[in-house]
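S.K.: This is query-v4.txt, which holds compact mmCIF, C-alpha atoms:
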# COMPACT_ATOMS: atom_id res chain seq x y z
CA MET F 975 -13.41 17.76 -22.63
CA ASP F 976 -9.95 16.90 -23.98
CA LYS F 977 -7.35 16.20 -21.36
CA PRO F 978 -4.40 18.60 -21.23
CA GLU F 979 -1.08 17.24 -22.52
CA LYS F 980 1.81 17.84 -20.15
CA PRO F 981 5.49 17.45 -21.09
CA LEU F 982 7.88 16.13 -18.45
CA ASP F 983 11.47 14.98 -18.28
CA LEU F 984 10.68 12.14 -15.95
CA LEU F 985 7.52 10.47 -14.71
CA ILE F 986 7.83 8.25 -11.65
CA ILE F 987 4.99 5.82 -11.06
CA GLY F 988 4.67 5.03 -7.36
CA ALA F 989 5.59 6.93 -4.22
CA GLY F 990 7.10 4.19 -2.11
CA VAL F 991 10.68 4.29 -0.91
CA ALA F 992 12.06 3.64 -4.42
CA GLY F 993 9.86 6.27 -6.07
CA LEU F 994 10.48 8.94 -3.43
CA THR F 995 14.25 8.34 -3.54
CA ALA F 996 14.18 8.62 -7.33
CA GLY F 997 12.21 11.85 -6.90
CA ILE F 998 14.84 13.32 -4.57
CA TYR F 999 17.65 12.49 -7.00
CA ALA F 1000 15.69 13.68 -10.04
CA ALA F 1001 15.05 17.06 -8.41
CA ARG F 1002 18.73 17.45 -7.64
CA LEU F 1003 19.48 16.63 -11.29
CA LYS F 1004 17.12 19.47 -12.30
CA LEU F 1005 14.76 17.13 -14.12
CA LYS F 1006 11.16 18.28 -14.45
CA THR F 1007 9.63 15.37 -12.57
CA LEU F 1008 6.24 14.20 -11.39
CA ILE F 1009 5.48 11.27 -9.10
CA LEU F 1010 2.05 9.68 -9.49
CA GLU F 1011 0.62 7.61 -6.65
CA ASP F 1012 -2.96 6.37 -6.75
CA GLU F 1013 -2.86 4.56 -3.42
CA ILE F 1014 -0.80 5.45 -0.35
CA VAL F 1015 2.36 7.55 -0.31
CA GLY F 1016 4.95 5.22 1.17
CA GLY F 1017 3.25 2.05 0.05
CA GLN F 1018 3.55 -0.98 2.28
CA ILE F 1019 5.94 0.66 4.70
CA GLN F 1020 3.32 3.26 5.66
CA GLU F 1021 1.47 0.50 7.50
CA THR F 1022 4.54 -1.02 9.13
CA TYR F 1023 4.34 -0.50 12.87
CA VAL F 1024 8.05 -0.17 13.48
CA VAL F 1025 11.17 -0.08 11.28
CA GLU F 1026 14.45 -1.06 12.92
CA ASN F 1027 16.68 -1.76 9.93
CA TYR F 1028 16.87 1.54 8.05
CA PRO F 1029 20.25 3.24 8.62
CA GLY F 1030 20.01 6.44 10.61
CA PHE F 1031 17.01 5.33 12.64
CA SER F 1032 17.40 2.70 15.34
CA LYS F 1033 13.61 2.52 15.71
CA ILE F 1034 11.00 4.51 13.82
CA LYS F 1035 7.36 4.06 12.84
CA GLY F 1036 6.96 3.28 9.16
CA SER F 1037 4.61 6.23 8.72
CA GLU F 1038 7.10 8.62 10.33
CA LEU F 1039 9.94 7.45 8.10
CA ILE F 1040 7.78 7.89 5.03
CA ASP F 1041 6.57 11.32 6.14
CA LYS F 1042 10.22 12.41 6.32
CA MET F 1043 10.97 11.02 2.84
CA HIS F 1044 7.80 12.58 1.44
CA GLU F 1045 8.68 15.98 2.87
CA GLN F 1046 12.26 15.71 1.61
CA THR F 1047 11.06 14.85 -1.91
CA LEU F 1048 8.72 17.84 -2.05
CA LEU F 1049 11.35 20.18 -0.58
CA ALA F 1050 13.84 18.99 -3.23
CA GLY F 1051 11.41 20.16 -5.90
CA THR F 1052 9.70 17.07 -7.29
CA ALA F 1053 5.91 17.29 -7.65
CA LEU F 1054 3.69 14.50 -6.32
CA ASP F 1055 0.07 13.86 -7.26
CA GLU F 1056 -1.63 11.31 -5.02
CA PHE F 1057 -5.17 11.84 -6.26
CA ASP F 1058 -4.91 11.12 -9.98
CA LYS F 1059 -5.05 7.62 -11.42
CA ILE F 1060 -3.37 6.12 -14.49
CA VAL F 1061 -5.88 4.73 -16.98
CA SER F 1062 -3.51 3.63 -19.77
CA VAL F 1063 0.14 3.59 -20.78
CA ARG F 1064 2.06 3.35 -24.04
CA LEU F 1065 5.73 2.59 -23.53
CA THR F 1066 7.90 2.16 -26.62
CA PRO F 1067 11.50 3.10 -27.48
CA GLN F 1068 10.12 6.06 -29.47
CA GLU F 1069 7.50 7.44 -27.08
CA LYS F 1070 6.19 7.19 -23.55
CA ILE F 1071 2.56 8.20 -23.03
CA ILE F 1072 0.86 7.95 -19.66
CA GLU F 1073 -2.82 8.88 -19.57
CA THR F 1074 -4.43 9.58 -16.21
CA GLN F 1075 -8.02 10.48 -15.31
CA THR F 1076 -7.17 14.17 -15.76
CA ALA F 1077 -4.11 14.53 -18.05
CA ILE F 1078 -1.85 13.02 -20.69
CA TYR F 1079 1.86 12.96 -19.88
CA ARG F 1080 4.63 12.54 -22.46
CA PRO F 1081 7.79 12.13 -20.37
CA ALA F 1082 11.20 11.53 -21.89
CA ALA F 1083 11.76 8.70 -19.37
CA VAL F 1084 9.68 6.67 -16.95
CA ILE F 1085 10.56 4.97 -13.68
CA ILE F 1086 8.07 2.30 -12.64
CA ALA F 1087 8.20 1.99 -8.86
CA ALA F 1088 4.62 0.94 -8.26
CA GLY F 1089 5.53 -1.75 -5.73
CA MET F 1090 3.36 -4.64 -4.68
CA LYS F 1091 -0.28 -5.21 -3.79
CA ARG F 1092 -1.47 -7.43 -1.01
CA ARG F 1093 -2.80 -10.88 -1.82
CA GLU F 1094 -6.43 -11.41 -0.90
CA VAL F 1095 -7.38 -14.43 1.16
CA PRO F 1096 -8.59 -17.07 -1.33
CA ILE F 1097 -11.91 -18.08 0.25
CA PRO F 1098 -15.36 -17.85 -1.40
CA GLU F 1099 -16.66 -15.48 1.28
CA GLU F 1100 -13.86 -12.87 0.96
CA LYS F 1101 -16.03 -10.20 -0.66
CA LYS F 1102 -19.00 -10.83 1.66
CA PHE F 1103 -16.92 -10.27 4.79
CA ARG F 1104 -14.37 -7.71 3.60
CA GLY F 1105 -14.57 -4.91 6.13
CA LYS F 1106 -17.05 -6.97 8.13
CA GLY F 1107 -14.59 -9.34 9.70
CA ILE F 1108 -11.91 -9.74 7.04
CA HIS F 1109 -9.28 -7.00 7.10
CA TYR F 1110 -5.92 -6.21 5.55
CA CYS F 1111 -4.76 -3.30 7.73
CA GLU F 1112 -4.24 -4.01 11.39
CA LEU F 1113 -3.17 -0.43 12.12
CA CYS F 1114 -6.44 0.90 10.66
CA ASP F 1115 -8.98 -1.63 11.84
CA GLY F 1116 -7.41 -3.47 14.79
CA HIS F 1117 -8.93 -1.17 17.41
CA MET F 1118 -12.43 -2.32 16.37
CA TYR F 1119 -11.70 -5.69 17.99
CA ASP F 1120 -10.91 -4.58 21.53
CA GLY F 1121 -11.64 -7.51 23.85
CA LYS F 1122 -12.53 -9.88 21.00
CA VAL F 1123 -11.11 -13.17 19.74
CA ILE F 1124 -9.37 -12.59 16.43
CA ALA F 1125 -6.98 -14.33 14.03
CA VAL F 1126 -4.09 -13.43 11.76
CA VAL F 1127 -3.49 -15.42 8.58
CA GLY F 1128 0.09 -15.76 7.35
CA GLY F 1129 3.58 -16.58 8.53
CA GLY F 1130 5.98 -13.93 7.26
CA ASN F 1131 7.26 -10.76 8.86
CA SER F 1132 4.02 -8.91 8.14
CA ALA F 1133 1.85 -11.59 9.74
CA VAL F 1134 3.99 -11.99 12.84
CA GLY F 1135 4.29 -8.20 13.14
CA ALA F 1136 0.52 -7.86 12.81
CA ALA F 1137 -0.04 -10.42 15.58
CA ASN F 1138 2.43 -8.64 17.85
CA PHE F 1139 0.61 -5.37 17.20
CA LEU F 1140 -2.93 -6.75 17.58
CA GLU F 1141 -2.40 -8.67 20.82
CA LYS F 1142 -3.03 -5.50 22.84
CA TYR F 1143 -6.63 -5.46 21.61
CA ALA F 1144 -7.35 -9.18 21.48
CA LYS F 1145 -8.81 -11.31 24.25
CA LYS F 1146 -7.21 -14.20 22.36
CA LEU F 1147 -5.37 -14.26 19.06
CA TYR F 1148 -4.78 -17.18 16.71
CA ILE F 1149 -2.23 -17.25 13.93
CA ILE F 1150 -3.32 -19.49 11.07
CA HIS F 1151 -0.29 -20.57 9.06
CA HIS F 1152 -0.09 -23.18 6.31
CA SER F 1153 3.44 -24.31 7.17
CA ASP F 1154 5.15 -25.66 10.29
CA LYS F 1155 7.47 -22.69 10.72
CA PHE F 1156 7.44 -18.93 10.29
CA ASN F 1157 9.44 -17.00 7.73
CA ALA F 1158 9.90 -13.96 9.98
CA ASP F 1159 12.70 -12.21 11.86
CA GLN F 1160 13.69 -14.15 14.97
CA ILE F 1161 13.20 -11.10 17.21
CA ALA F 1162 9.58 -10.80 16.11
CA GLN F 1163 9.03 -14.54 16.55
CA ASP F 1164 10.53 -14.46 20.07
CA GLN F 1165 8.12 -11.66 20.99
CA LEU F 1166 5.20 -13.64 19.62
CA PHE F 1167 6.08 -16.95 21.30
CA SER F 1168 6.46 -15.23 24.67
CA ASN F 1169 2.85 -13.98 24.55
CA LYS F 1170 0.39 -16.39 26.18
CA LYS F 1171 -2.61 -14.78 24.47
CA ILE F 1172 -1.34 -15.94 21.08
CA GLU F 1173 -1.86 -19.48 19.81
CA VAL F 1174 -0.24 -20.62 16.59
CA LEU F 1175 -2.18 -23.07 14.43
CA TRP F 1176 0.53 -24.68 12.32
CA ASN F 1177 -0.13 -26.47 9.03
CA SER F 1178 -3.53 -24.83 8.86
CA LYS F 1179 -5.38 -23.15 6.04
CA LEU F 1180 -8.35 -20.82 6.24
CA ILE F 1181 -11.00 -22.27 3.92
CA HIS F 1182 -14.29 -20.54 4.83
CA GLY F 1183 -15.72 -17.55 6.64
CA VAL F 1184 -19.08 -17.96 8.42
CA GLY F 1185 -21.63 -15.40 9.59
CA GLU F 1186 -24.85 -13.60 8.73
CA THR F 1187 -23.94 -9.97 8.04
CA SER F 1188 -20.50 -10.03 9.64
CA LEU F 1189 -17.93 -12.71 10.36
CA SER F 1190 -18.61 -14.84 13.44
CA SER F 1191 -16.35 -17.83 12.83
CA VAL F 1192 -13.96 -19.38 10.34
CA ILE F 1193 -13.33 -22.92 9.18
CA ILE F 1194 -9.74 -24.05 8.96
CA GLU F 1195 -8.28 -27.21 7.49
CA ASN F 1196 -5.24 -29.04 8.76
CA GLN F 1197 -2.95 -29.49 5.77
CA LEU F 1198 -1.54 -32.80 7.05
CA THR F 1199 -4.67 -34.60 8.28
CA LYS F 1200 -7.25 -32.71 6.16
CA GLU F 1201 -9.42 -32.43 9.29
CA THR F 1202 -11.51 -29.27 9.55
CA ARG F 1203 -12.25 -27.22 12.62
CA THR F 1204 -14.39 -24.18 13.42
CA LEU F 1205 -12.83 -21.24 15.21
CA GLU F 1206 -15.08 -18.66 16.85
CA VAL F 1207 -13.44 -15.38 15.80
CA SER F 1208 -15.01 -12.04 14.99
CA GLY F 1209 -12.10 -10.67 12.97
CA VAL F 1210 -9.40 -12.02 10.67
CA PHE F 1211 -6.39 -9.99 9.57
CA VAL F 1212 -4.80 -11.28 6.40
CA GLN F 1213 -1.07 -10.97 5.71
CA ILE F 1214 -0.26 -13.63 3.11
CA GLY F 1215 2.21 -11.79 0.96
CA SER F 1216 1.96 -9.57 -2.06
CA MET F 1217 2.37 -9.51 -5.81
CA PRO F 1218 3.80 -6.92 -8.20
CA LYS F 1219 1.46 -4.24 -9.57
CA THR F 1220 2.38 -4.74 -13.21
CA ASP F 1221 -0.92 -5.33 -15.03
CA LEU F 1222 -0.77 -1.92 -16.71
CA TYR F 1223 2.62 -2.54 -18.28
CA LYS F 1224 2.44 -6.17 -19.42
CA ASP F 1225 1.81 -5.29 -23.08
CA TYR F 1226 5.10 -3.38 -23.29
CA ILE F 1227 7.44 -4.43 -20.49
CA ARG F 1228 8.95 -7.88 -20.11
CA LEU F 1229 7.70 -9.64 -16.97
CA ASN F 1230 8.77 -12.91 -15.37
CA GLU F 1231 6.40 -15.75 -14.46
CA SER F 1232 5.59 -14.06 -11.11
CA GLY F 1233 4.66 -10.80 -12.80
CA SER F 1234 7.80 -8.91 -11.72
CA ILE F 1235 9.42 -6.59 -14.25
CA VAL F 1236 12.59 -8.18 -15.61
CA ALA F 1237 15.43 -5.78 -14.77
CA THR F 1238 18.92 -6.02 -13.31
CA GLU F 1239 20.82 -3.81 -10.87
CA THR F 1240 20.78 -1.04 -13.50
CA CYS F 1241 16.95 -1.04 -13.26
CA GLU F 1242 16.79 -0.96 -17.09
CA THR F 1243 13.84 -2.76 -18.68
CA ASN F 1244 13.50 -4.06 -22.24
CA ILE F 1245 12.30 -0.59 -23.32
CA PRO F 1246 15.04 2.10 -23.46
CA GLY F 1247 14.11 4.98 -21.17
CA VAL F 1248 11.86 2.88 -18.94
CA TYR F 1249 13.30 1.79 -15.59
CA ALA F 1250 11.91 -0.46 -12.87
CA ALA F 1251 12.83 0.31 -9.25
CA GLY F 1252 12.06 -1.33 -5.93
CA ASP F 1253 9.98 -4.40 -5.16
CA ILE F 1254 8.36 -4.41 -8.60
CA ARG F 1255 11.47 -5.69 -10.37
CA THR F 1256 13.17 -9.08 -10.34
CA LYS F 1257 15.58 -9.14 -7.41
CA PRO F 1258 16.69 -11.55 -4.69
CA ILE F 1259 16.33 -9.15 -1.74
CA ARG F 1260 13.40 -6.78 -1.18
CA GLN F 1261 14.14 -4.34 1.61
CA LEU F 1262 13.73 -0.61 2.24
CA THR F 1263 17.44 -0.18 1.71
CA THR F 1264 17.45 -1.99 -1.63
CA ALA F 1265 14.40 0.02 -2.75
CA ALA F 1266 16.26 3.26 -1.94
CA ALA F 1267 19.27 1.97 -3.88
CA ASP F 1268 17.07 1.22 -6.90
CA GLY F 1269 15.51 4.68 -6.79
CA THR F 1270 18.99 6.19 -6.84
CA VAL F 1271 20.25 4.08 -9.74
CA ALA F 1272 17.10 4.50 -11.82
CA ALA F 1273 17.08 8.31 -11.47
CA LEU F 1274 20.77 8.69 -12.31
CA LEU F 1275 20.52 6.43 -15.36
CA ALA F 1276 17.27 8.09 -16.46
CA GLU F 1277 19.09 11.43 -16.46
CA LYS F 1278 21.85 9.99 -18.69
CA TYR F 1279 19.16 8.63 -21.04
CA ILE F 1280 17.34 11.98 -21.16
CA ILE F 1281 20.57 13.88 -21.90
CA GLY F 1282 21.38 11.43 -24.70
CA LEU F 1283 17.88 11.77 -26.11
CA LYS F 1284 18.09 15.58 -26.13
CA LYS F 1285 21.50 15.45 -27.89
CA ARG F 1286 20.14 13.13 -30.57
CA LYS F 1287 17.19 15.48 -31.15
CA GLU F 1288 19.59 18.45 -31.47
CA VAL F 1289 21.67 16.58 -34.06
CA ILE F 1290 18.56 15.72 -36.07
CA ALA F 1291 17.29 19.31 -35.86
CA MET P 1226 -21.76 18.88 8.65
CA ILE P 1227 -18.91 16.66 7.47
CA LYS P 1228 -17.33 14.19 9.89
CA VAL P 1229 -14.30 11.98 9.29
CA TYR P 1230 -13.96 8.95 11.58
CA SER P 1231 -10.32 7.99 11.71
CA ILE P 1232 -7.30 7.06 13.81
CA PRO P 1233 -3.89 8.77 13.62
CA ASP P 1234 -1.92 5.77 12.30
CA CYS P 1235 -4.32 4.92 9.47
CA SER P 1236 -2.75 5.82 6.12
CA TRP P 1237 -6.04 5.81 4.18
CA CYS P 1238 -7.50 8.13 6.85
CA LYS P 1239 -4.61 10.53 6.23
CA LYS P 1240 -5.28 10.34 2.50
CA VAL P 1241 -8.96 11.19 2.92
CA LYS P 1242 -8.14 14.14 5.18
CA THR P 1243 -5.40 15.37 2.84
CA TYR P 1244 -7.85 15.20 -0.07
CA LEU P 1245 -10.59 17.10 1.77
CA THR P 1246 -8.07 19.72 2.87
CA SER P 1247 -6.76 20.06 -0.71
CA LYS P 1248 -10.33 20.82 -1.79
CA ASN P 1249 -10.83 23.36 1.04
CA VAL P 1250 -13.53 21.22 2.63
CA ASP P 1251 -14.09 21.86 6.35
CA PHE P 1252 -14.58 18.71 8.40
CA THR P 1253 -14.57 17.45 11.97
CA ASP P 1254 -12.01 14.72 12.61
CA ILE P 1255 -13.13 12.11 15.15
CA ASN P 1256 -10.34 9.93 16.51
CA VAL P 1257 -12.24 6.73 17.25
CA GLU P 1258 -9.27 5.23 19.06
CA ASP P 1259 -9.53 7.79 21.88
CA ASP P 1260 -13.21 8.66 21.65
CA PRO P 1261 -15.56 5.81 22.74
CA GLU P 1262 -18.67 7.83 21.83
CA GLY P 1263 -17.21 8.51 18.40
CA ARG P 1264 -16.54 4.81 17.96
CA GLN P 1265 -20.16 3.95 18.85
CA GLU P 1266 -21.32 6.60 16.40
CA LEU P 1267 -19.09 5.09 13.72
CA MET P 1268 -20.43 1.58 14.33
CA SER P 1269 -24.00 2.83 14.08
CA LEU P 1270 -23.33 4.40 10.68
CA SER P 1271 -22.07 1.38 8.76
CA PRO P 1272 -22.00 -2.41 9.11
CA GLU P 1273 -18.44 -2.29 7.81
CA LEU P 1274 -15.95 -2.13 10.66
CA GLN P 1275 -13.60 -0.02 8.60
CA ILE P 1276 -12.09 3.40 8.67
CA PRO P 1277 -11.84 5.99 7.32
CA LEU P 1278 -15.55 6.67 7.21
CA VAL P 1279 -16.79 10.04 6.00
CA ASN P 1280 -20.30 11.23 6.85
CA ILE P 1281 -21.32 13.97 4.42
CA ASN P 1282 -24.69 15.18 5.64
CA GLY P 1283 -25.92 11.59 5.96
CA ASN P 1284 -24.14 10.21 2.88
CA ILE P 1285 -21.61 7.62 3.99
CA VAL P 1286 -18.28 6.96 2.25
CA VAL P 1287 -16.14 4.09 3.56
CA GLY P 1288 -12.46 4.10 2.65
CA PHE P 1289 -10.96 6.58 0.18
CA ASN P 1290 -13.41 6.77 -2.69
CA LYS P 1291 -12.66 9.93 -4.67
CA GLU P 1292 -15.62 9.55 -7.02
CA LYS P 1293 -18.10 9.23 -4.13
CA LEU P 1294 -16.52 12.08 -2.18
CA ASP P 1295 -16.66 14.31 -5.28
CA GLU P 1296 -20.28 13.34 -5.90
CA TYR P 1297 -21.51 14.00 -2.36
CA LEU P 1298 -19.43 17.17 -1.98
CA GLN P 1299 -20.39 18.32 -5.48
CA LEU P 1300 -16.75 19.00 -6.37
Now that the file is in, can you turn its structure into structure tokens?
M.R.:
Amino acid sequence: MDKPEKPLDLLIIGAGVAGLTAGIYAARLKLKTLILEDEIVGGQIQETYVVENYPGFSKIKGSELIDKMHEQTLLAGTALDEFDKIVSVRLTPQEKIIETQTAIYRPAAVIIAAGMKRREVPIPEEKKFRGKGIHYCELCDGHMYDGKVIAVVGGGNSAVGAANFLEKYAKKLYIIHHSDKFNADQIAQDQLFSNKKIEVLWNSKLIHGVGETSLSSVIIENQLTKETRTLEVSGVFVQIGSMPKTDLYKDYIRLNESGSIVATETCETNIPGVYAAGDIRTKPIRQLTTAAADGTVAALLAEKYIIGLKKRKEVIA
Amino acid sequence: MIKVYSIPDCSWCKKVKTYLTSKNVDFTDINVEDDPEGRQELMSLSPELQIPLVNINGNIVVGFNKEKLDEYLQL
């Protein structure tokens, strides 16, 4: 069966903070807009235990903040489809075609706000133990390890936050970090260092997972001495950063060496009418607040582009 | 009988439940954080210590897998 073709003013790819903000602005600009999200509405922030740096909220769960933004976007009038998946894109100055599993969209403008995906732990046994000892969502799976010895891999805000969240379940918790210092907020580090259940294994790298059907231990390597050691843990939570979700666009949109879409504060890409907003674009600071700013800028400039496009079509007609 | 094993803060659990609701599928939601029996039941159903887990008359779907859900629910 042929897929239905659906015209739109604006298609927003991704329903994180940047995408939802763009959706709110687009609705207020009376643009016929659809947001597509094939993973989680809210993206990474949905799984953030607590947010303390978003103006207006001194302390709020990430999921609550996103629920409010989601509701606001829908109330404003932008549609959101979280169950369809993009299978191909064609993005040129002349036409924008986004094909999903169920439809073909031909928007006048596109905002790519697809965000980042988590990096998988680079060990040979990752697939064998995924879900059976290796996890990426402490909020979802942490409760399975009540009274157990577990580990967190990583050293940024997400890793330290995960350890602070998981300690309530763990009998003992290790943090395995390749460096000799964390790259996390000092408040979160202070909380972690004050907890006697948590032991930090500095300069250490996870190199193997061991177990029959589920994980029973891991092997770590000291990066300075190259000595290896076995840790008896039944669960490992991985928080080693993320990378931009740009594979779909690389044939059309200019990317940098890290895979981020090359765009400035105007969010404009190398293709007129295609904007990149939020963590997916080149930028020095990736925060909720900067993602919201990008969503705002991208929607307002997309409207100007769409108006210009309609005027040019009228002149030609 | 369709059972969803979940916890309130799990975003993929919310997505599964939103999807089932959007398709007018009735299900029983078991919060395995507060329900020790439910947690034991969950652990007996799959070697994967992961939620959400959906039990559709004996067919198990771990995570949000739209194709599998559609297949087992005949949507």
S.K.: Can you work out which one of P:Tyr1297, P:Gln1275, P:Cys1235, P:Ile1281 has the shortest atom-to-atom distance to Tyr1119 of chain F, counting only C-alpha atoms?
M.R.: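 Smallest separation from Tyr1119 of chain F among the options: P:Gln1275.
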S.K.: Which of these residues is nearest to Ala996 of chain F, using all atoms listed in the file: F:Cys1241, F:Ser1062, F:Phe1139, F:Leu1283?
M.R.: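 Selected residue with least distance to Ala996 of chain F: F:Cys1241.
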S.K.: Define the interface residues of chain F facing chain P as those within 9 Å, counting all atoms listed in the file, and report them as a ChimeraX atom specification.
M.R.: /F:1013-1015,1020-1021,1023,1037,1056-1057,1103-1107,1109,1111,1113-1115,1117-1118,1187-1188
S.K.: So how far away is atom CA of Gly997 of chain F from atom CA of Glu1045 of chain F, in Å?
M.R.: 11.2 Å
S.K.: Between atom CA of Ala1001 of chain F and atom CA of Leu1274 of chain F, measure the distance and give it in Å to one decimal.
M.R.: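 Distance between the two atoms: 10.9 Å.
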S.K.: Can you tell me which residues surround Lys1228 of chain P at a distance of at most 12 Å, considering all atoms listed in the file, apart from same-chain residues fewer than 2 positions away, and format the answer as an mmCIF file with C-alpha atoms, in the coordinates of the input?
M.R.:
data_model
loop_
_atom_site.group_PDB
_atom_site.id
_atom_site.type_symbol
_atom_site.label_atom_id
_atom_site.label_comp_id
_atom_site.auth_asym_id
_atom_site.auth_seq_id
_atom_site.Cartn_x
_atom_site.Cartn_y
_atom_site.Cartn_z
ATOM 1 C CA MET P 1226 -21.760 18.880 8.650
ATOM 2 C CA TYR P 1230 -13.960 8.950 11.580
ATOM 3 C CA SER P 1231 -10.320 7.990 11.710
ATOM 4 C CA CYS P 1238 -7.500 8.130 6.850
ATOM 5 C CA VAL P 1241 -8.960 11.190 2.920
ATOM 6 C CA LYS P 1242 -8.140 14.140 5.180
ATOM 7 C CA LEU P 1245 -10.590 17.100 1.770
ATOM 8 C CA VAL P 1250 -13.530 21.220 2.630
ATOM 9 C CA ASP P 1251 -14.090 21.860 6.350
ATOM 10 C CA PHE P 1252 -14.580 18.710 8.400
ATOM 11 C CA THR P 1253 -14.570 17.450 11.970
ATOM 12 C CA ASP P 1254 -12.010 14.720 12.610
ATOM 13 C CA ILE P 1255 -13.130 12.110 15.150
ATOM 14 C CA ASN P 1256 -10.340 9.930 16.510
ATOM 15 C CA VAL P 1257 -12.240 6.730 17.250
ATOM 16 C CA GLY P 1263 -17.210 8.510 18.400
ATOM 17 C CA GLU P 1266 -21.320 6.600 16.400
ATOM 18 C CA LEU P 1267 -19.090 5.090 13.720
ATOM 19 C CA LEU P 1270 -23.330 4.400 10.680
ATOM 20 C CA PRO P 1277 -11.840 5.990 7.320
ATOM 21 C CA LEU P 1278 -15.550 6.670 7.210
ATOM 22 C CA VAL P 1279 -16.790 10.040 6.000
ATOM 23 C CA ASN P 1280 -20.300 11.230 6.850
ATOM 24 C CA ILE P 1281 -21.320 13.970 4.420
ATOM 25 C CA ASN P 1282 -24.690 15.180 5.640
ATOM 26 C CA GLY P 1283 -25.920 11.590 5.960
ATOM 27 C CA ASN P 1284 -24.140 10.210 2.880
ATOM 28 C CA ILE P 1285 -21.610 7.620 3.990
ATOM 29 C CA VAL P 1286 -18.280 6.960 2.250
ATOM 30 C CA VAL P 1287 -16.140 4.090 3.560
#
S.K.: May I have the residues within 7 Å of Tyr1028 of chain F as a ChimeraX atom specification, using all atoms listed in the file and disregarding those fewer than 3 positions away in the same chain?
M.R.: /F:1025,1031,1262-1263
S.K.: Atom CA of Ala1137 of chain F to atom CA of Val1024 of chain F: how many Å, to one decimal?
M.R.: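 The value is 13.2 Å.
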S.K.: For each of F:Ala1251, F:Ile1060, F:Leu984, F:Met1217, take the minimum atom-to-atom distance to Met1090 of chain F, counting all atoms listed in the file, then give the residue where this is smallest.
M.R.: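 Looking only at the distances to Met1090 of chain F, the closest residue turns out to be F:Met1217.
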S.K.: Just give me the residues with any atom within 10 Å of (4.4, -13.5, 9.2), file coordinates, counting only C-alpha atoms, written as a list in words.
M.R.: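 Within 10 Å of (4.4, -13.5, 9.2), the protein and nucleic acid residues are Val1126, Val1127, Gly1128, Gly1129, Gly1130, Asn1131, Ser1132, Ala1133, Val1134, Gly1135, Ala1136, Ala1137, Ile1149, Ile1150, His1151, Lys1155, Phe1156, Asn1157, Ala1158, Asp1159, Ala1162, Gln1163, Val1212, Gln1213, Ile1214 and Gly1215 of chain F.
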S.K.: Step by step: locate segment 1044-1055 of chain F in the block above, keep N, CA and C atoms, then write the file as a tab-separated table (two decimals), in the first residue's frame.
M.R.:
chain	number	residue	atom	x	y	z
F	1044	HIS	N	5.79	18.94	27.44
F	1044	HIS	CA	5.03	18.13	26.49
F	1044	HIS	C	3.57	18.62	26.45
F	1045	GLU	N	3.00	18.77	27.64
F	1045	GLU	CA	1.61	19.23	27.74
F	1045	GLU	C	1.45	20.62	27.12
F	1046	GLN	N	2.41	21.50	27.41
F	1046	GLN	CA	2.35	22.87	26.88
F	1046	GLN	C	2.41	22.87	25.35
F	1047	THR	N	3.24	22.00	24.80
F	1047	THR	CA	3.40	21.92	23.34
F	1047	THR	C	2.09	21.47	22.69
F	1048	LEU	N	1.48	20.44	23.27
F	1048	LEU	CA	0.22	19.93	22.71
F	1048	LEU	C	-0.89	20.96	22.86
F	1049	LEU	N	-0.95	21.61	24.03
F	1049	LEU	CA	-1.98	22.64	24.25
F	1049	LEU	C	-1.82	23.80	23.28
F	1050	ALA	N	-0.56	24.13	22.93
F	1050	ALA	CA	-0.32	25.23	21.99
F	1050	ALA	C	-0.86	24.90	20.59
F	1051	GLY	N	-0.88	23.59	20.28
F	1051	GLY	CA	-1.47	23.21	18.99
F	1051	GLY	C	-0.55	22.45	18.05
F	1052	THR	N	0.65	22.12	18.52
F	1052	THR	CA	1.55	21.32	17.68
F	1052	THR	C	1.27	19.84	17.90
F	1053	ALA	N	1.23	19.08	16.80
F	1053	ALA	CA	1.00	17.63	16.91
F	1053	ALA	C	2.32	16.92	17.20
F	1054	LEU	N	2.22	15.79	17.90
F	1054	LEU	CA	3.42	15.02	18.22
F	1054	LEU	C	3.12	13.54	18.00
F	1055	ASP	N	3.95	12.89	17.19
F	1055	ASP	CA	3.79	11.45	16.96
F	1055	ASP	C	5.02	10.74	17.53
